[in-house]
file start.cif (mmCIF, C-alpha atoms)
data_start
#
loop_
_atom_site.label_atom_id
_atom_site.label_comp_id
_atom_site.auth_asym_id
_atom_site.auth_seq_id
_atom_site.Cartn_x
_atom_site.Cartn_y
_atom_site.Cartn_z
CA MET A 50 118.55 64.54 175.42
CA THR A 51 115.46 62.89 174.18
CA ASP A 52 112.97 60.78 176.04
CA ASN A 53 114.54 57.57 174.74
CA MET A 54 117.74 58.61 176.48
CA ASP A 55 115.69 59.48 179.55
CA ASN A 56 114.38 55.93 179.73
CA ASP A 57 117.74 54.30 179.08
CA LEU A 58 119.52 56.37 181.68
CA SER A 59 116.83 55.87 184.29
CA LYS A 60 117.29 52.10 183.99
CA ASN A 61 120.95 52.15 184.85
CA LYS A 62 122.83 55.42 184.90
CA ASP A 63 126.11 53.71 185.78
CA GLU A 64 126.15 52.02 182.38
CA TYR A 65 126.67 55.44 180.83
CA TYR A 66 128.67 57.31 183.44
CA ASP A 67 131.58 56.41 185.67
CA ASP A 68 131.24 56.96 189.41
CA GLU A 69 134.61 58.67 189.40
CA GLY A 70 133.16 61.18 186.96
CA LYS A 71 131.66 63.12 189.87
CA ASN A 72 135.15 64.48 190.42
CA SER A 73 135.99 64.85 186.74
CA SER A 74 138.32 67.56 185.52
CA PHE A 75 136.99 70.33 183.29
CA ILE A 76 138.52 68.73 180.19
CA ARG A 77 137.07 65.29 180.96
CA SER A 78 133.66 66.84 181.61
CA LEU A 79 133.89 68.75 178.33
CA LEU A 80 134.82 65.62 176.40
CA GLY A 81 132.01 63.81 178.18
CA LEU A 82 129.57 66.45 176.94
CA VAL A 83 130.86 65.94 173.39
CA SER A 84 130.44 62.17 173.70
CA PHE A 85 126.95 62.65 175.09
CA SER A 86 125.71 65.11 172.48
CA THR A 87 127.33 63.82 169.28
CA ILE A 88 128.23 60.59 167.51
CA ILE A 89 131.93 61.51 167.62
CA PRO A 90 133.58 58.35 169.03
CA LEU A 91 135.64 59.88 171.82
CA GLY A 92 134.71 57.12 174.25
CA VAL A 93 134.89 59.51 177.21
CA TYR A 94 132.20 59.01 179.84
CA THR A 95 131.76 60.81 183.12
CA SER A 96 129.00 61.53 185.63
CA ILE A 97 125.79 63.18 184.51
CA GLU A 98 126.48 65.86 187.12
CA SER A 99 129.80 66.69 185.43
CA VAL A 100 128.21 66.77 181.98
CA VAL A 101 125.31 69.06 182.87
CA SER A 102 127.58 71.42 184.79
CA LEU A 103 128.83 72.56 181.38
CA THR A 104 125.43 73.07 179.77
CA TRP A 105 126.16 76.79 179.50
CA ILE A 106 129.22 76.00 177.34
CA TRP A 107 127.20 73.88 174.91
CA PRO A 108 126.80 76.71 172.36
CA LEU A 109 130.59 76.91 172.10
CA LEU A 110 130.81 73.26 171.10
CA ASP A 111 128.43 74.04 168.27
CA VAL A 112 130.78 76.81 167.17
CA ILE A 113 133.20 74.04 166.23
CA LEU A 114 130.48 72.23 164.26
CA GLY A 115 129.60 75.55 162.67
CA LEU A 116 133.21 76.19 161.65
CA PHE A 117 133.30 72.83 159.90
CA ALA A 118 129.99 73.56 158.16
CA VAL A 119 131.20 76.99 157.02
CA GLY A 120 134.39 75.46 155.63
CA VAL A 121 132.49 72.79 153.72
CA SER A 122 130.03 75.38 152.40
CA TYR A 123 132.88 77.59 151.20
CA LEU A 124 134.55 74.73 149.34
CA LEU A 125 131.34 73.46 147.75
CA LEU A 126 130.28 76.95 146.73
CA ASN A 127 133.55 78.40 145.42
CA TYR A 128 135.45 75.35 144.15
CA PHE A 129 132.82 72.78 143.24
CA HIS A 130 130.14 75.35 142.32
CA PHE A 131 127.32 73.41 143.94
CA PRO A 132 123.94 75.16 143.92
CA SER A 133 123.15 76.81 147.25
CA ILE A 134 120.08 74.66 147.88
CA LEU A 135 122.13 71.47 147.59
CA ILE A 136 124.79 72.86 149.94
CA ALA A 137 122.03 73.77 152.39
CA VAL A 138 120.68 70.19 152.34
CA ILE A 139 124.18 68.80 152.94
CA ILE A 140 124.82 71.18 155.85
CA TYR A 141 121.46 70.51 157.47
CA GLY A 142 122.03 66.79 157.04
CA PHE A 143 125.41 67.11 158.73
CA PHE A 144 123.95 68.93 161.72
CA THR A 145 121.25 66.32 162.24
CA ILE A 146 123.48 63.28 161.69
CA ILE A 147 126.39 64.45 163.89
CA THR A 148 123.98 64.70 166.84
CA GLY A 149 122.56 61.25 166.20
CA TYR A 150 119.14 62.66 165.26
CA ASN A 151 118.46 63.18 168.97
CA HIS A 152 117.12 66.71 168.58
CA ILE A 153 114.92 65.64 165.67
CA ASP A 154 113.50 62.91 167.87
CA GLY A 155 112.73 65.50 170.53
CA LEU A 156 111.04 67.75 167.97
CA LEU A 157 108.82 64.91 166.78
CA ASP A 158 107.71 63.97 170.28
CA PHE A 159 107.25 67.60 171.31
CA ALA A 160 104.97 68.27 168.34
CA ASP A 161 102.81 65.25 169.14
CA GLY A 162 102.54 66.31 172.77
CA ILE A 163 101.40 69.87 172.16
CA MET A 164 98.89 68.93 169.44
CA VAL A 165 97.04 66.14 171.24
CA HIS A 166 93.83 67.04 173.09
CA GLY A 167 93.70 66.43 176.82
CA ASP A 168 95.15 67.57 180.10
CA LYS A 169 98.85 68.03 180.86
CA LYS A 170 99.26 64.44 182.02
CA ARG A 171 97.81 63.12 178.77
CA LYS A 172 100.04 65.41 176.71
CA ILE A 173 103.15 64.20 178.51
CA GLU A 174 102.12 60.57 178.00
CA VAL A 175 101.73 61.15 174.25
CA MET A 176 105.03 63.01 174.07
CA ARG A 177 106.81 60.11 175.71
CA ASP A 178 105.28 57.25 173.75
CA SER A 179 107.00 55.78 170.70
CA ILE A 180 104.17 56.35 168.23
CA LEU A 181 104.51 59.25 165.80
CA GLY A 182 101.44 61.18 164.75
CA THR A 183 100.65 63.41 161.79
CA SER A 184 101.60 66.52 163.75
CA ALA A 185 105.09 65.13 164.39
CA ILE A 186 105.79 64.36 160.74
CA SER A 187 104.28 67.63 159.53
CA THR A 188 106.28 69.68 162.03
CA MET A 189 109.51 67.94 161.08
CA VAL A 190 108.89 68.63 157.38
CA ILE A 191 108.09 72.29 158.03
CA VAL A 192 111.14 72.83 160.26
CA ALA A 193 113.46 71.02 157.84
CA PHE A 194 112.10 72.95 154.85
CA ILE A 195 112.45 76.36 156.51
CA THR A 196 115.94 75.48 157.75
CA VAL A 197 117.19 74.37 154.33
CA VAL A 198 115.68 77.35 152.50
CA SER A 199 117.07 79.78 155.08
CA ILE A 200 120.56 78.29 154.88
CA SER A 201 120.31 78.52 151.10
CA ALA A 202 119.32 82.19 151.40
CA VAL A 203 122.38 83.14 153.47
CA ILE A 204 124.62 81.15 151.10
CA ASP A 205 123.15 83.07 148.14
CA LYS A 206 124.17 86.28 149.89
CA ASN A 207 127.61 84.74 150.60
CA ILE A 208 127.19 85.34 154.34
CA LEU A 209 128.47 81.95 155.39
CA TRP A 210 129.21 82.97 158.97
CA ALA A 211 125.45 83.04 159.46
CA ILE A 212 125.52 79.23 159.39
CA LEU A 213 127.88 79.14 162.38
CA ILE A 214 125.88 81.75 164.27
CA ALA A 215 122.62 79.87 163.71
CA GLU A 216 124.10 76.58 164.91
CA MET A 217 125.59 78.25 167.97
CA SER A 218 122.27 79.96 168.66
CA SER A 219 120.41 76.66 168.44
CA LYS A 220 122.14 75.57 171.65
CA LEU A 221 121.63 79.02 173.15
CA SER A 222 117.95 78.34 172.56
CA LEU A 223 118.32 75.19 174.67
CA VAL A 224 120.12 77.12 177.41
CA THR A 225 117.33 79.72 177.37
CA THR A 226 114.67 77.03 177.63
CA CYS A 227 116.53 75.57 180.61
CA ILE A 228 116.64 78.85 182.53
CA CYS A 229 112.97 79.58 181.80
CA SER A 230 111.53 76.13 182.56
CA LYS A 231 110.51 73.96 185.47
CA PRO A 232 112.06 70.47 185.29
CA SER A 233 110.06 67.25 185.22
CA SER A 234 110.39 64.85 188.13
CA ASP A 235 112.28 62.28 186.07
CA GLY A 236 114.31 61.93 182.89
CA ILE A 237 117.70 63.32 181.98
CA GLY A 238 116.28 66.66 180.89
CA LYS A 239 115.76 67.66 184.50
CA TYR A 240 119.50 67.50 185.18
CA PHE A 241 120.20 70.08 182.49
CA ILE A 242 117.43 72.39 183.70
CA GLU A 243 118.41 72.11 187.34
CA SER A 244 122.05 72.85 186.52
CA MET A 245 121.26 76.16 184.84
CA ASP A 246 121.31 79.38 186.86
CA VAL A 247 121.25 83.07 185.98
CA PRO A 248 125.05 83.67 186.09
CA LYS A 249 125.67 80.71 183.76
CA PHE A 250 122.92 81.85 181.40
CA VAL A 251 124.29 85.41 181.30
CA ALA A 252 127.80 84.08 180.61
CA SER A 253 126.53 81.91 177.76
CA LEU A 254 124.51 84.79 176.32
CA LEU A 255 127.42 87.23 176.49
CA ILE A 256 129.83 84.78 174.87
CA CYS A 257 127.39 84.08 172.03
CA GLY A 258 126.72 87.79 171.60
CA ILE A 259 130.43 88.58 171.39
CA ILE A 260 131.02 85.82 168.84
CA GLY A 261 128.00 86.91 166.80
CA TYR A 262 129.10 90.54 166.79
CA GLY A 263 132.69 89.60 166.03
CA LEU A 264 131.69 87.63 162.95
CA LEU A 265 128.85 89.68 161.47
CA GLY A 266 128.43 92.79 163.58
CA PHE A 267 124.90 93.68 164.60
CA LEU A 268 123.62 91.19 162.03
CA GLY A 269 125.23 88.41 164.04
CA VAL A 270 123.75 89.74 167.28
CA PHE A 271 120.34 89.66 165.63
CA GLY A 272 120.84 85.96 164.91
CA VAL A 273 121.74 85.35 168.56
CA ILE A 274 118.58 87.18 169.63
CA GLY A 275 116.66 84.74 167.44
CA GLY A 276 118.00 81.85 169.50
CA VAL A 277 117.00 83.52 172.78
CA PHE A 278 113.55 84.31 171.41
CA SER A 279 113.09 80.70 170.36
CA GLY A 280 114.16 79.30 173.72
CA SER A 281 111.78 81.63 175.54
CA LEU A 282 108.93 80.68 173.21
CA ILE A 283 109.52 76.94 173.64
CA ALA A 284 109.61 77.38 177.42
CA LEU A 285 106.27 79.23 177.30
CA ILE A 286 104.66 76.60 175.07
CA SER A 287 106.01 73.83 177.27
CA LYS A 288 104.69 75.46 180.44
CA ARG A 289 101.21 75.89 178.96
CA ASN A 290 101.02 72.34 177.63
CA PHE A 291 103.05 70.25 180.09
CA GLU A 292 103.80 72.56 183.03
CA VAL A 293 107.34 71.13 182.98
CA ALA A 294 110.11 70.68 180.41
CA THR A 295 111.56 67.29 179.49
CA GLY A 296 114.45 66.10 177.35
CA ASP A 297 112.13 66.13 174.33
CA VAL A 298 111.33 69.78 174.95
CA LEU A 299 115.04 70.62 175.10
CA GLY A 300 115.67 68.66 171.91
CA ALA A 301 112.89 70.55 170.14
CA SER A 302 114.32 73.85 171.36
CA VAL A 303 117.54 73.13 169.46
CA GLU A 304 115.86 72.46 166.11
CA ILE A 305 113.45 75.37 166.45
CA GLY A 306 116.21 77.60 167.79
CA ARG A 307 118.22 77.08 164.61
CA VAL A 308 115.16 78.01 162.55
CA PHE A 309 114.47 81.24 164.43
CA SER A 310 118.10 82.29 164.39
CA LEU A 311 118.22 81.78 160.63
CA LEU A 312 114.91 83.61 160.15
CA PHE A 313 116.14 86.56 162.19
CA LEU A 314 119.34 86.61 160.13
CA VAL A 315 117.47 86.39 156.81
CA LEU A 316 115.09 89.15 157.85
CA ALA A 317 118.02 91.38 158.83
CA ILE A 318 119.85 90.62 155.57
CA TYR A 319 116.92 91.31 153.27
CA PHE A 320 115.07 94.05 155.13
#

call {"tool": "encode", "arguments": {"input": "start.cif", "output": "structure tokens"}}
result
Amino acid sequence: MTDNMDNDLSKNKDEYYDDEGKNSSFIRSLLGLVSFSTIIPLGVYTSIESVVSLTWIWPLLDVILGLFAVGVSYLLLNYFHFPSILIAVIIYGFFTIITGYNHIDGLLDFADGIMVHGDKKRKIEVMRDSILGTSAISTMVIVAFITVVSISAVIDKNILWAILIAEMSSKLSLVTTCICSKPSSDGIGKYFIESMDVPKFVASLLICGIIGYGLLGFLGVFGVIGGVFSGSLIALISKRNFEVATGDVLGASVEIGRVFSLLFLVLAIYF
């Protein structure tokens, strides 16, 4: 997802994906997407083409992560009586660790890129370098703080399904950014953007909307809308600053998508 992955894959894509993966079955492609996007040691590798063909299903994979997070939250809240803020930190830590911090890395680089002065070429160069600036650290702290406090707020209201909806919507934010963005000429991010089309986006949106409504009614749909809003916003910011979207932009869209989904949910709950 992130630019580090972009560089690694551009050196030798065959080290990560099997040639036979171009004809992978749906299940193998799905497991390949899990291996690509998490630290779960499935050991299943396939072609990048097979992986990105399932980008629109990505939010559903996060439903599984969300189910686990909801279960843990329920146990810690009702049986161990942990304070909601501590549960929120644990859940947020789980989401970032299970993905190998890749989306956090994208957020850091994205923040540096949009804050530096200069033309689009300069901004992309800064986004892709390995040096972290003040804007990167500050943005990470702000996003992490809002995420933890928002998760704590929905736990206080005992609306634990909101955690699942927000995590699902974080990937819907990525899908939205893909459909609204122009890909860069290199890097793995371009494969995900190029693979997305309107029918796939609509299918992903409808599935997320149905799940959101099924779990929390119109409140859940509001959380899904937060993910779409975030993805559209990131695409707009990316276009104005870089003209194109990279893997770092997509990574940032996940972290910011979770924030906006949670904020939309909290606003709906309280107001």

call {"tool": "residues_around", "arguments": {"input": "start.cif", "residues": "Ala317 in chain A", "least_positions_apart": "3", "cutoff": "8 Å", "atoms": "all atoms listed in the file", "output": "JSON, numbers by chain"}}
result
{"A": [268, 271, 313, 314, 320]}

call {"tool": "write_last_selection", "arguments": {"input": "start.cif", "atoms": "C-alpha atoms", "output": "short mmCIF file (atom, residue, chain, number, x, y, z; two decimals), keeping the file's coordinate frame"}}
result
data_model
loop_
_atom_site.label_atom_id
_atom_site.label_comp_id
_atom_site.auth_asym_id
_atom_site.auth_seq_id
_atom_site.Cartn_x
_atom_site.Cartn_y
_atom_site.Cartn_z
CA LEU A 268 123.62 91.19 162.03
CA PHE A 271 120.34 89.66 165.63
CA PHE A 313 116.14 86.56 162.19
CA LEU A 314 119.34 86.61 160.13
CA PHE A 320 115.07 94.05 155.13
#

call {"tool": "atom_distance", "arguments": {"input": "start.cif", "atom1": "CA of Gly155 in chain A", "atom2": "CA of Phe75 in chain A"}}
result
27.8 Å

call {"tool": "resolve_selection", "arguments": {"input": "start.cif", "expression": "the PyMOL selection byres ((chain A and resi 133) around 9)", "output": "JSON, numbers by chain"}}
result
{"A": [122, 125, 126, 130, 131, 132, 134, 135, 136, 137, 138, 200, 201, 202, 203, 204, 205]}

call {"tool": "closest_residue", "arguments": {"input": "start.cif", "among": "A:Asp161, A:Pro90, A:Leu223, A:Asp111", "to": "Leu282 in chain A", "atoms": "all atoms listed in the file"}}
result
A:Leu223

call {"tool": "residues_near_point", "arguments": {"input": "start.cif", "point": "(119.3, 85.5, 185.3)", "cutoff": "12 Å", "atoms": "all atoms listed in the file", "output": "number ranges by chain"}}
result
A: 224-225, 227-229, 245-254

call {"tool": "write_last_selection", "arguments": {"input": "start.cif", "atoms": "C-alpha atoms", "output": "PDB file, in the coordinates of the input"}}
result
ATOM      1  CA  VAL A 224     120.120  77.120 177.410  1.00  0.00           C
ATOM      2  CA  THR A 225     117.330  79.720 177.370  1.00  0.00           C
ATOM      3  CA  CYS A 227     116.530  75.570 180.610  1.00  0.00           C
ATOM      4  CA  ILE A 228     116.640  78.850 182.530  1.00  0.00           C
ATOM      5  CA  CYS A 229     112.970  79.580 181.800  1.00  0.00           C
ATOM      6  CA  MET A 245     121.260  76.160 184.840  1.00  0.00           C
ATOM      7  CA  ASP A 246     121.310  79.380 186.860  1.00  0.00           C
ATOM      8  CA  VAL A 247     121.250  83.070 185.980  1.00  0.00           C
ATOM      9  CA  PRO A 248     125.050  83.670 186.090  1.00  0.00           C
ATOM     10  CA  LYS A 249     125.670  80.710 183.760  1.00  0.00           C
ATOM     11  CA  PHE A 250     122.920  81.850 181.400  1.00  0.00           C
ATOM     12  CA  VAL A 251     124.290  85.410 181.300  1.00  0.00           C
ATOM     13  CA  ALA A 252     127.800  84.080 180.610  1.00  0.00           C
ATOM     14  CA  SER A 253     126.530  81.910 177.760  1.00  0.00           C
ATOM     15  CA  LEU A 254     124.510  84.790 176.320  1.00  0.00           C
TER      16      LEU A 254
END

call {"tool": "residues_around", "arguments": {"input": "start.cif", "residues": "range 255-265 of chain A", "least_positions_apart": "2", "cutoff": "8 Å", "atoms": "only C-alpha atoms", "output": "PyMOL selection string"}}
result
chain A and resi 108-109+210-211+214+217-218+221+251-253+267-270+272-273

call {"tool": "write_last_selection", "arguments": {"input": "start.cif", "atoms": "C-alpha atoms", "output": "PDB file, in the frame of the given file"}}
result
ATOM      1  CA  PRO A 108     126.800  76.710 172.360  1.00  0.00           C
ATOM      2  CA  LEU A 109     130.590  76.910 172.100  1.00  0.00           C
ATOM      3  CA  TRP A 210     129.210  82.970 158.970  1.00  0.00           C
ATOM      4  CA  ALA A 211     125.450  83.040 159.460  1.00  0.00           C
ATOM      5  CA  ILE A 214     125.880  81.750 164.270  1.00  0.00           C
ATOM      6  CA  MET A 217     125.590  78.250 167.970  1.00  0.00           C
ATOM      7  CA  SER A 218     122.270  79.960 168.660  1.00  0.00           C
ATOM      8  CA  LEU A 221     121.630  79.020 173.150  1.00  0.00           C
ATOM      9  CA  VAL A 251     124.290  85.410 181.300  1.00  0.00           C
ATOM     10  CA  ALA A 252     127.800  84.080 180.610  1.00  0.00           C
ATOM     11  CA  SER A 253     126.530  81.910 177.760  1.00  0.00           C
ATOM     12  CA  PHE A 267     124.900  93.680 164.600  1.00  0.00           C
ATOM     13  CA  LEU A 268     123.620  91.190 162.030  1.00  0.00           C
ATOM     14  CA  GLY A 269     125.230  88.410 164.040  1.00  0.00           C
ATOM     15  CA  VAL A 270     123.750  89.740 167.280  1.00  0.00           C
ATOM     16  CA  GLY A 272     120.840  85.960 164.910  1.00  0.00           C
ATOM     17  CA  VAL A 273     121.740  85.350 168.560  1.00  0.00           C
TER      18      VAL A 273
END

call {"tool": "closest_residue", "arguments": {"input": "start.cif", "among": "A:Val198, A:Ile113, A:Val308, A:Ala294", "to": "Ile173 in chain A", "atoms": "all atoms listed in the file"}}
result
A:Ala294
